[in-house]
file model-v2.csv (CSV, C-alpha atoms and all ligand atoms)
chain,number,residue,atom,x,y,z
A,25,MET,CA,-14.4,-21.7,-11.3
A,26,PHE,CA,-16.3,-18.9,-9.5
A,27,LEU,CA,-18.6,-16.9,-11.7
A,28,CYS,CA,-20.8,-13.9,-11.0
A,29,ALA,CA,-22.6,-11.8,-13.6
A,30,PHE,CA,-23.4,-8.1,-13.4
A,31,GLU,CA,-26.6,-7.0,-15.0
A,32,ASN,CA,-29.6,-4.7,-14.2
A,33,ASN,CA,-27.1,-2.6,-12.3
A,34,ALA,CA,-26.3,-5.3,-9.7
A,35,TRP,CA,-24.2,-8.3,-9.1
A,36,GLN,CA,-26.3,-11.4,-9.5
A,37,GLN,CA,-26.3,-14.7,-7.6
A,38,PRO,CA,-22.7,-16.1,-7.7
A,39,GLU,CA,-21.9,-19.8,-8.4
A,40,ILE,CA,-19.0,-22.2,-8.5
A,41,ILE,CA,-19.1,-24.3,-11.7
A,42,PRO,CA,-16.7,-26.7,-13.4
A,43,MET,CA,-14.0,-24.8,-15.4
A,44,GLY,CA,-14.8,-24.7,-19.1
A,45,PRO,CA,-15.6,-22.5,-22.0
A,46,LEU,CA,-18.3,-19.8,-21.8
A,47,PRO,CA,-20.3,-18.7,-24.8
A,48,THR,CA,-19.1,-15.3,-26.1
A,49,HIS,CA,-21.1,-13.0,-28.3
A,50,PRO,CA,-18.8,-11.6,-31.1
A,51,ALA,CA,-19.9,-8.1,-30.1
A,52,ALA,CA,-18.9,-8.6,-26.4
A,53,MET,CA,-17.6,-5.2,-25.5
A,54,ALA,CA,-14.4,-6.4,-23.9
A,55,LEU,CA,-13.2,-7.7,-27.2
A,56,HIS,CA,-13.6,-4.4,-28.9
A,57,TYR,CA,-13.2,-1.7,-26.3
A,58,GLY,CA,-11.0,-3.5,-23.8
A,59,GLN,CA,-13.0,-3.2,-20.6
A,60,ALA,CA,-11.1,-6.1,-19.0
A,61,ILE,CA,-9.1,-6.2,-15.7
A,62,PHE,CA,-7.6,-8.9,-13.7
A,63,GLU,CA,-5.7,-9.9,-10.6
A,64,GLY,CA,-3.1,-12.6,-9.9
A,65,MET,CA,-2.7,-14.4,-6.6
A,66,LYS,CA,-1.5,-17.7,-5.1
A,67,ALA,CA,-2.9,-20.1,-2.5
A,68,THR,CA,-0.4,-22.3,-0.6
A,69,VAL,CA,-0.7,-24.9,2.2
A,70,ASN,CA,1.0,-24.7,5.6
A,71,LEU,CA,2.7,-27.6,7.3
A,72,GLU,CA,-0.7,-28.9,8.6
A,73,GLY,CA,-2.1,-28.8,5.1
A,74,THR,CA,-4.3,-25.8,5.8
A,75,PRO,CA,-4.7,-23.7,2.6
A,76,MET,CA,-3.7,-20.0,2.9
A,77,LEU,CA,-4.1,-16.9,0.8
A,78,PHE,CA,-1.5,-14.1,0.7
A,79,ARG,CA,-3.2,-10.7,1.6
A,80,PRO,CA,-6.4,-11.3,-0.5
A,81,GLU,CA,-8.0,-8.1,0.8
A,82,GLN,CA,-5.3,-6.2,-1.0
A,83,ASN,CA,-6.1,-7.8,-4.4
A,84,ALA,CA,-9.8,-7.0,-3.7
A,85,LYS,CA,-8.9,-3.3,-3.3
A,86,ARG,CA,-6.7,-3.2,-6.3
A,87,LEU,CA,-9.3,-4.9,-8.5
A,88,ASN,CA,-11.7,-2.2,-7.6
A,89,PHE,CA,-9.1,0.5,-8.2
A,90,SER,CA,-8.8,-1.0,-11.7
A,91,ALA,CA,-12.5,-1.2,-12.1
A,92,ARG,CA,-13.0,2.5,-11.3
A,93,ARG,CA,-10.3,3.5,-13.7
A,94,LEU,CA,-11.9,1.6,-16.5
A,95,GLY,CA,-15.5,2.7,-15.8
A,96,MET,CA,-16.5,-0.8,-14.6
A,97,PRO,CA,-18.6,-1.7,-11.6
A,98,GLU,CA,-16.8,-2.5,-8.3
A,99,PHE,CA,-17.0,-6.0,-7.0
A,100,PRO,CA,-17.9,-6.3,-3.3
A,101,GLU,CA,-14.5,-6.8,-1.4
A,102,THR,CA,-15.9,-9.1,1.2
A,103,LEU,CA,-17.5,-11.3,-1.5
A,104,PHE,CA,-14.2,-11.3,-3.4
A,105,VAL,CA,-12.4,-12.8,-0.4
A,106,GLU,CA,-15.2,-15.2,0.4
A,107,ALA,CA,-15.3,-16.4,-3.2
A,108,LEU,CA,-11.6,-17.1,-3.2
A,109,LYS,CA,-11.9,-18.9,0.1
A,110,ALA,CA,-14.8,-21.1,-1.2
A,111,LEU,CA,-13.0,-21.9,-4.4
A,112,VAL,CA,-9.7,-22.7,-2.8
A,113,ASP,CA,-11.5,-24.8,-0.2
A,114,LEU,CA,-13.0,-26.8,-3.0
A,115,ASP,CA,-9.8,-27.1,-5.0
A,116,ARG,CA,-7.5,-27.7,-1.9
A,117,ASN,CA,-6.2,-31.0,-3.3
A,118,TRP,CA,-4.8,-29.1,-6.3
A,119,ILE,CA,-2.5,-26.9,-4.2
A,120,PRO,CA,1.1,-28.2,-4.8
A,121,PRO,CA,2.8,-28.6,-1.4
A,122,GLN,CA,6.4,-27.9,-2.6
A,123,GLN,CA,7.8,-24.6,-1.3
A,124,GLY,CA,7.7,-22.0,-4.0
A,125,SER,CA,4.8,-23.7,-5.8
A,126,ALA,CA,1.2,-22.7,-5.4
A,127,LEU,CA,-2.4,-22.8,-6.8
A,128,TYR,CA,-2.4,-19.8,-9.0
A,129,LEU,CA,-5.7,-17.8,-8.9
A,130,ARG,CA,-6.8,-15.5,-11.6
A,131,PRO,CA,-9.7,-13.2,-10.6
A,132,PHE,CA,-10.9,-11.1,-13.6
A,133,MET,CA,-13.7,-9.0,-14.8
A,134,TYR,CA,-14.7,-8.2,-18.4
A,135,ALA,CA,-17.6,-6.5,-20.3
A,136,ASP,CA,-19.7,-9.1,-22.0
A,137,GLU,CA,-22.6,-7.0,-23.1
A,138,ALA,CA,-23.1,-7.4,-26.9
A,139,PHE,CA,-23.0,-3.8,-28.2
A,140,ILE,CA,-21.0,-1.9,-30.8
A,141,GLY,CA,-20.4,1.6,-29.6
A,142,MET,CA,-17.9,3.3,-27.2
A,143,ARG,CA,-19.5,3.6,-23.8
A,144,ALA,CA,-19.4,1.8,-20.5
A,145,ALA,CA,-20.9,-1.6,-20.8
A,146,THR,CA,-23.9,-2.5,-18.7
A,147,LYS,CA,-23.1,-6.3,-18.4
A,148,TYR,CA,-20.0,-7.8,-17.0
A,149,LYS,CA,-18.7,-11.2,-15.7
A,150,PHE,CA,-16.5,-11.6,-12.7
A,151,ILE,CA,-14.7,-15.0,-12.7
A,152,ILE,CA,-12.0,-16.7,-10.6
A,153,MET,CA,-10.0,-19.5,-12.2
A,154,ALA,CA,-7.5,-21.7,-10.4
A,155,SER,CA,-4.6,-23.7,-11.7
A,156,PRO,CA,-1.4,-25.2,-10.1
A,157,SER,CA,1.8,-23.4,-10.8
A,158,ASN,CA,5.5,-23.8,-10.3
A,159,PRO,CA,7.9,-20.9,-9.5
A,160,ILE,CA,8.7,-19.2,-12.8
A,161,TYR,CA,12.2,-17.7,-12.6
A,162,SER,CA,14.9,-19.9,-11.0
A,163,LYS,CA,17.7,-18.3,-13.0
A,164,ARG,CA,19.0,-14.8,-12.7
A,165,VAL,CA,17.3,-12.5,-15.1
A,166,ARG,CA,18.6,-10.0,-17.7
A,167,LEU,CA,16.5,-7.0,-18.4
A,168,TYR,CA,16.2,-4.8,-21.5
A,169,ALA,CA,15.7,-1.1,-20.7
A,170,GLU,CA,13.2,0.0,-23.5
A,171,THR,CA,14.0,3.4,-25.1
A,172,HIS,CA,11.4,3.3,-27.9
A,173,TYR,CA,8.1,1.9,-26.6
A,174,ILE,CA,6.4,2.8,-23.3
A,175,ARG,CA,4.2,0.8,-21.0
A,176,ALA,CA,2.2,3.7,-19.4
A,177,ALA,CA,2.1,7.5,-19.1
A,178,HIS,CA,0.7,9.7,-16.4
A,179,GLY,CA,-3.0,9.9,-16.7
A,180,GLY,CA,-3.1,6.5,-18.5
A,181,THR,CA,-4.0,3.1,-17.1
A,182,GLY,CA,-0.5,2.1,-15.8
A,183,ALA,CA,-1.6,1.9,-12.2
A,184,ALA,CA,-4.6,-0.3,-13.1
A,185,LYS,CA,-4.2,-4.0,-13.8
A,186,ALA,CA,-5.9,-3.6,-17.2
A,187,ALA,CA,-5.6,-6.3,-19.9
A,188,GLY,CA,-4.7,-3.6,-22.5
A,189,ASN,CA,-1.5,-2.7,-20.6
A,190,TYR,CA,-0.3,-6.2,-21.2
A,191,ALA,CA,-1.3,-6.2,-24.9
A,192,ALA,CA,0.8,-3.1,-25.4
A,193,ALA,CA,3.8,-4.8,-23.7
A,194,ILE,CA,3.8,-7.9,-25.8
A,195,LEU,CA,5.7,-6.7,-28.9
A,196,PRO,CA,8.4,-4.9,-26.9
A,197,THR,CA,8.8,-8.0,-24.7
A,198,GLU,CA,9.2,-10.2,-27.8
A,199,HIS,CA,11.9,-7.8,-29.1
A,200,ALA,CA,13.7,-7.9,-25.8
A,201,LYS,CA,13.7,-11.7,-25.9
A,202,SER,CA,15.0,-11.8,-29.4
A,203,LYS,CA,18.0,-9.7,-28.2
A,204,GLY,CA,18.7,-12.3,-25.5
A,205,TYR,CA,17.0,-10.6,-22.6
A,206,ASP,CA,14.2,-12.0,-20.3
A,207,GLN,CA,12.0,-9.0,-19.7
A,208,VAL,CA,11.5,-5.4,-20.5
A,209,LEU,CA,12.6,-2.7,-18.0
A,210,TRP,CA,10.1,0.1,-18.5
A,211,LEU,CA,11.3,3.7,-18.4
A,212,ASP,CA,9.1,6.8,-18.0
A,213,ALA,CA,7.1,7.8,-21.0
A,214,GLN,CA,8.3,11.4,-21.3
A,215,HIS,CA,12.1,11.2,-21.1
A,216,PHE,CA,12.9,7.5,-21.0
A,217,LYS,CA,15.0,8.1,-17.9
A,218,SER,CA,13.1,7.2,-14.7
A,219,ILE,CA,12.8,3.5,-14.0
A,220,GLN,CA,9.2,2.3,-13.6
A,221,GLU,CA,8.9,-1.4,-13.4
A,222,VAL,CA,9.6,-4.7,-15.2
A,223,GLY,CA,7.2,-6.9,-17.3
A,224,THR,CA,5.1,-8.3,-14.4
A,225,MET,CA,7.3,-7.1,-11.5
A,226,ASN,CA,8.2,-4.1,-9.5
A,227,ILE,CA,11.9,-3.4,-9.1
A,228,PHE,CA,14.2,-2.8,-6.1
A,229,PHE,CA,17.9,-1.7,-6.2
A,230,LYS,CA,20.5,-1.8,-3.4
A,231,ILE,CA,22.9,1.1,-3.7
A,232,LYS,CA,25.4,2.0,-1.0
A,233,GLY,CA,23.5,-0.1,1.5
A,234,GLN,CA,20.2,1.6,0.9
A,235,ILE,CA,17.2,-0.1,-0.8
A,236,ILE,CA,15.5,2.0,-3.4
A,237,THR,CA,12.3,1.3,-5.3
A,238,PRO,CA,10.5,3.7,-7.7
A,239,ASN,CA,7.7,5.6,-6.0
A,240,LEU,CA,4.1,4.9,-7.1
A,241,ASP,CA,3.7,7.8,-9.5
A,242,GLY,CA,0.4,6.8,-11.0
A,243,ALA,CA,1.9,5.0,-14.0
A,244,ILE,CA,3.3,2.0,-12.0
A,245,LEU,CA,1.3,-0.9,-10.7
A,246,ALA,CA,1.1,-0.9,-6.9
A,247,GLY,CA,2.4,-4.5,-6.4
A,248,ILE,CA,1.2,-6.3,-3.4
A,249,THR,CA,4.6,-8.1,-3.3
A,250,ARG,CA,6.3,-4.7,-3.5
A,251,MET,CA,4.3,-3.4,-0.5
A,252,SER,CA,5.1,-6.6,1.4
A,253,VAL,CA,8.8,-6.5,0.6
A,254,ILE,CA,9.0,-2.9,1.8
A,255,GLU,CA,7.3,-3.8,5.0
A,256,LEU,CA,9.6,-6.9,5.5
A,257,LEU,CA,12.8,-5.0,4.8
A,258,ARG,CA,11.9,-2.1,7.1
A,259,HIS,CA,10.9,-4.7,9.7
A,260,LYS,CA,14.4,-6.3,9.3
A,261,GLY,CA,16.0,-2.9,9.8
A,262,TYR,CA,16.9,-1.9,6.2
A,263,GLN,CA,16.5,1.6,5.0
A,264,VAL,CA,14.0,1.6,2.2
A,265,VAL,CA,13.4,4.6,0.1
A,266,GLU,CA,10.5,5.1,-2.4
A,267,ARG,CA,11.7,7.7,-4.9
A,268,PRO,CA,12.4,8.3,-8.6
A,269,ILE,CA,15.5,6.5,-9.7
A,270,SER,CA,16.9,7.0,-13.2
A,271,ILE,CA,18.7,4.5,-15.4
A,272,ASP,CA,21.7,6.9,-15.4
A,273,GLU,CA,21.9,6.6,-11.6
A,274,VAL,CA,21.9,2.9,-11.9
A,275,ARG,CA,24.6,2.9,-14.6
A,276,GLU,CA,26.8,5.3,-12.6
A,277,ALA,CA,26.4,3.1,-9.5
A,278,SER,CA,27.4,0.1,-11.5
A,279,LYS,CA,30.5,1.9,-12.8
A,280,GLU,CA,31.5,3.1,-9.3
A,281,GLY,CA,30.9,-0.4,-7.8
A,282,THR,CA,28.1,0.9,-5.5
A,283,LEU,CA,25.3,-1.0,-7.1
A,284,GLU,CA,25.1,-4.0,-4.8
A,285,GLU,CA,22.1,-5.8,-6.2
A,286,ALA,CA,18.7,-5.5,-7.8
A,287,PHE,CA,15.6,-7.7,-7.8
A,288,GLY,CA,12.1,-7.8,-9.2
A,289,THR,CA,9.0,-8.6,-7.1
A,290,GLY,CA,5.7,-10.0,-8.2
A,291,THR,CA,3.1,-12.7,-7.4
A,292,ALA,CA,3.9,-14.8,-10.5
A,293,VAL,CA,7.7,-14.7,-10.2
A,294,GLY,CA,8.1,-14.2,-6.4
A,295,ILE,CA,11.5,-12.5,-6.3
A,296,ALA,CA,13.7,-12.5,-9.5
A,297,MET,CA,17.3,-11.7,-9.1
A,298,ILE,CA,18.7,-9.3,-11.7
A,299,GLN,CA,22.0,-10.0,-13.4
A,300,ASP,CA,22.3,-7.2,-16.0
A,301,ILE,CA,20.3,-4.5,-17.6
A,302,GLY,CA,20.8,-3.9,-21.4
A,303,TYR,CA,20.7,-0.1,-22.0
A,304,LYS,CA,21.6,1.6,-25.3
A,305,ASP,CA,23.5,-1.4,-26.8
A,306,LYS,CA,25.6,-1.9,-23.6
A,307,ASP,CA,25.0,-4.1,-20.5
A,308,ILE,CA,24.9,-2.5,-17.1
A,309,HIS,CA,26.2,-5.2,-14.8
A,310,VAL,CA,24.2,-5.4,-11.7
A,311,SER,CA,25.6,-8.3,-9.6
A,312,ASP,CA,26.3,-12.0,-9.6
A,313,GLU,CA,24.7,-12.5,-6.2
A,314,SER,CA,21.7,-11.1,-4.5
A,315,PRO,CA,21.8,-11.8,-0.7
A,316,VAL,CA,19.0,-9.4,0.2
A,317,GLY,CA,16.8,-10.6,-2.7
A,318,GLN,CA,17.5,-14.2,-1.6
A,319,MET,CA,16.6,-13.4,2.0
A,320,VAL,CA,13.3,-11.8,0.9
A,321,LEU,CA,12.5,-14.8,-1.4
A,322,ASP,CA,13.2,-17.3,1.4
A,323,THR,CA,11.2,-15.3,3.9
A,324,ILE,CA,8.1,-15.0,1.6
A,325,ASN,CA,8.3,-18.6,0.6
A,326,GLY,CA,8.8,-19.7,4.2
A,327,VAL,CA,5.8,-17.7,5.4
A,328,ARG,CA,3.7,-19.0,2.5
A,329,SER,CA,4.6,-22.6,3.3
A,330,GLY,CA,4.2,-22.2,7.0
A,331,ASN,CA,7.9,-22.9,7.6
A,332,LEU,CA,8.4,-19.4,9.0
A,333,LYS,CA,6.3,-17.4,11.5
A,334,ASP,CA,3.9,-15.0,9.8
A,335,GLU,CA,5.3,-12.0,11.8
A,336,LEU,CA,3.6,-9.4,9.6
A,337,ASN,CA,0.2,-11.0,9.5
A,338,TRP,CA,0.1,-11.6,5.7
A,339,MET,CA,-1.6,-15.0,5.5
A,340,CYS,CA,-5.3,-15.7,5.5
A,341,ARG,CA,-6.0,-19.3,6.5
A,342,ILE,CA,-8.9,-21.2,5.0
A,343,GLU,CA,-10.2,-23.6,7.6
A,344,SER,CA,-12.5,-26.3,6.2
B,401,LIG,C1,2.9,-4.7,-14.5
B,401,LIG,C2,3.1,-5.4,-13.2
B,401,LIG,N1,3.8,-4.8,-12.2
B,401,LIG,C3,4.0,-5.4,-11.0
B,401,LIG,C4,3.4,-6.6,-10.7
B,401,LIG,C5,3.6,-7.1,-9.3
B,401,LIG,O1,2.4,-7.1,-8.6
B,401,LIG,P1,2.0,-8.1,-7.4
B,401,LIG,O2,3.2,-8.1,-6.5
B,401,LIG,O3,0.8,-7.6,-6.8
B,401,LIG,O4,1.9,-9.4,-8.1
B,401,LIG,C6,2.6,-7.2,-11.6
B,401,LIG,C7,2.0,-8.5,-11.3
B,401,LIG,O5,0.8,-8.5,-11.0
B,401,LIG,C8,2.4,-6.6,-12.9
B,401,LIG,O6,1.7,-7.2,-13.8
call {"tool": "encode", "arguments": {"input": "model-v2.csv", "output": "structure tokens"}}
result
Amino acid sequence: MFLCAFENNAWQQPEIIPMGPLPTHPAAMALHYGQAIFEGMKATVNLEGTPMLFRPEQNAKRLNFSARRLGMPEFPETLFVEALKALVDLDRNWIPPQQGSALYLRPFMYADEAFIGMRAATKYKFIIMASPSNPIYSKRVRLYAETHYIRAAHGGTGAAKAAGNYAAAILPTEHAKSKGYDQVLWLDAQHFKSIQEVGTMNIFFKIKGQIITPNLDGAILAGITRMSVIELLRHKGYQVVERPISIDEVREASKEGTLEEAFGTGTAVGIAMIQDIGYKDKDIHVSDESPVGQMVLDTINGVRSGNLKDELNWMCRIES
């Protein structure tokens, strides 16, 4: 794993060391006050066996967006990308070659200063872990539109990839699973109407031929897959609109037969096709097939495995 400590107001000499436990002081501030942020990314290999990263500079930027929101020090973006390259180069034999699989990379930063008291910490660790992963969702997913709990409100930390956001989502996710759904579909915090995003995915709908995805309103995570899917669909000639979309609009479109498909997008899941959405004790049927979602999934997997041309310049090759 890659490790770099922040102390005396500066990032110290980084190192790559074998993955293993680190000593943690019980007063480490991240454990008490939650200064902890992370990223999720994947390394794949192309047909020649060259490792590649998917838009790592975007993760570097988003990590620093999260760091600023949580009052943490920014990590130099060039070093972030160089660290990933060095680690993936070293771990290249761990990258599974099958299309859809990858070496999952988890860059994260947390406050490890031992201090009891609510203020910004002065000591942090930035770490990158790597481990091989399979594609997660192969089946179509069922979402549960949550009308009691919220994920994020305006002015909160929803647009940051803060560990605390996920802690708050665990109980509602377990509830959704106990009701037979796979993931929570989050609605806006004020009226429980506008669709925000799914557990670890952004969401897209196709209604009357138009692709709609919720606009980044400050409470939604700006997914790098989301950004890439928008670029890809526009490149392919689809009309993509970023705007508020309510659960009522989706329900009406389903009733009228104009809801053509919906899919979630995220690094961990890739593209997850959505079958139904549970809302107020009834299921909104989405679709049994997702041709656009499937095309997007095949394109992203194809580019990541080098089977398709990287027309939009997403991939960052790691030459040895
Ligand atoms: C809450 C949330 N929304 C959306 C996403 C999708 O983001 P990305 O496409 O950058 O993986 C993720 C995954 O990181 C997430 O955790």
call {"tool": "residues_around", "arguments": {"input": "model-v2.csv", "residues": "stretch 300-310 of chain A", "least_positions_apart": "6", "cutoff": "10 Å", "atoms": "only C-alpha atoms", "output": "MDAnalysis selection string"}}
result
chainID A and resid 164:171 200 203:205 207:209 229:230 271:272 274:279 281:287
call {"tool": "residues_around", "arguments": {"input": "model-v2.csv", "residues": "stretch 44-50 of chain A", "least_positions_apart": "2", "cutoff": "8 Å", "atoms": "only C-alpha atoms", "output": "list in words"}}
result
Pro42, Ala52, Leu55, Asp136 and Ala138 of chain A
call {"tool": "residues_around", "arguments": {"input": "model-v2.csv", "residues": "stretch 211-215 of chain A", "least_positions_apart": "4", "cutoff": "8 Å", "atoms": "only C-alpha atoms", "output": "tab-separated table (two decimals) with C-alpha atoms, in the frame of the given file"}}
result
chain	number	residue	atom	x	y	z
A	169	ALA	CA	15.70	-1.10	-20.70
A	170	GLU	CA	13.20	0.00	-23.50
A	171	THR	CA	14.00	3.40	-25.10
A	174	ILE	CA	6.40	2.80	-23.30
A	175	ARG	CA	4.20	0.80	-21.00
A	176	ALA	CA	2.20	3.70	-19.40
A	177	ALA	CA	2.10	7.50	-19.10
A	219	ILE	CA	12.80	3.50	-14.00
A	220	GLN	CA	9.20	2.30	-13.60
A	221	GLU	CA	8.90	-1.40	-13.40
call {"tool": "residues_near_ligand", "arguments": {"input": "model-v2.csv", "ligand": "ligand LIG 401 (chain B)", "cutoff": "7 Å", "atoms": "only C-alpha atoms and all ligand atoms", "output": "PyMOL selection string"}}
result
chain A and resi 63-65+185+221-226+244-250+289-292
call {"tool": "residues_around", "arguments": {"input": "model-v2.csv", "residues": "A:Arg341", "least_positions_apart": "4", "cutoff": "10 Å", "atoms": "only C-alpha atoms", "output": "PDB file with C-alpha atoms, keeping the file's coordinate frame"}}
result
ATOM      1  CA  ALA A  67      -2.900 -20.100  -2.500  1.00  0.00           C
ATOM      2  CA  THR A  68      -0.400 -22.300  -0.600  1.00  0.00           C
ATOM      3  CA  VAL A  69      -0.700 -24.900   2.200  1.00  0.00           C
ATOM      4  CA  ASN A  70       1.000 -24.700   5.600  1.00  0.00           C
ATOM      5  CA  THR A  74      -4.300 -25.800   5.800  1.00  0.00           C
ATOM      6  CA  PRO A  75      -4.700 -23.700   2.600  1.00  0.00           C
ATOM      7  CA  MET A  76      -3.700 -20.000   2.900  1.00  0.00           C
ATOM      8  CA  LEU A  77      -4.100 -16.900   0.800  1.00  0.00           C
ATOM      9  CA  PHE A  78      -1.500 -14.100   0.700  1.00  0.00           C
ATOM     10  CA  LYS A 109     -11.900 -18.900   0.100  1.00  0.00           C
TER      11      LYS A 109
END
call {"tool": "decode", "arguments": {"input": "model-v2.csv", "residues": "stretch 98-118 of chain A", "atoms": "C-alpha atoms", "output": "PDB file, in the first residue's frame"}}
result
ATOM      1  CA  GLU A  98      -5.469  18.772   0.170  1.00  0.00           C
ATOM      2  CA  PHE A  99      -3.243  16.053  -1.270  1.00  0.00           C
ATOM      3  CA  PRO A 100      -1.109  17.172  -4.258  1.00  0.00           C
ATOM      4  CA  GLU A 101      -2.989  15.998  -7.365  1.00  0.00           C
ATOM      5  CA  THR A 102       0.128  15.102  -9.342  1.00  0.00           C
ATOM      6  CA  LEU A 103       1.419  13.015  -6.442  1.00  0.00           C
ATOM      7  CA  PHE A 104      -2.008  11.318  -6.159  1.00  0.00           C
ATOM      8  CA  VAL A 105      -1.765  10.138  -9.789  1.00  0.00           C
ATOM      9  CA  GLU A 106       1.947   9.257  -9.507  1.00  0.00           C
ATOM     10  CA  ALA A 107       1.249   7.234  -6.336  1.00  0.00           C
ATOM     11  CA  LEU A 108      -1.486   5.262  -8.088  1.00  0.00           C
ATOM     12  CA  LYS A 109       0.755   4.603 -11.048  1.00  0.00           C
ATOM     13  CA  ALA A 110       3.620   3.398  -8.839  1.00  0.00           C
ATOM     14  CA  LEU A 111       1.356   1.129  -6.787  1.00  0.00           C
ATOM     15  CA  VAL A 112      -0.432  -0.351  -9.797  1.00  0.00           C
ATOM     16  CA  ASP A 113       2.894  -0.878 -11.554  1.00  0.00           C
ATOM     17  CA  LEU A 114       4.111  -2.857  -8.538  1.00  0.00           C
ATOM     18  CA  ASP A 115       0.826  -4.786  -8.182  1.00  0.00           C
ATOM     19  CA  ARG A 116       0.319  -5.337 -11.928  1.00  0.00           C
ATOM     20  CA  ASN A 117       0.179  -9.136 -11.553  1.00  0.00           C
ATOM     21  CA  TRP A 118      -2.855  -8.764  -9.303  1.00  0.00           C
TER      22      TRP A 118
END
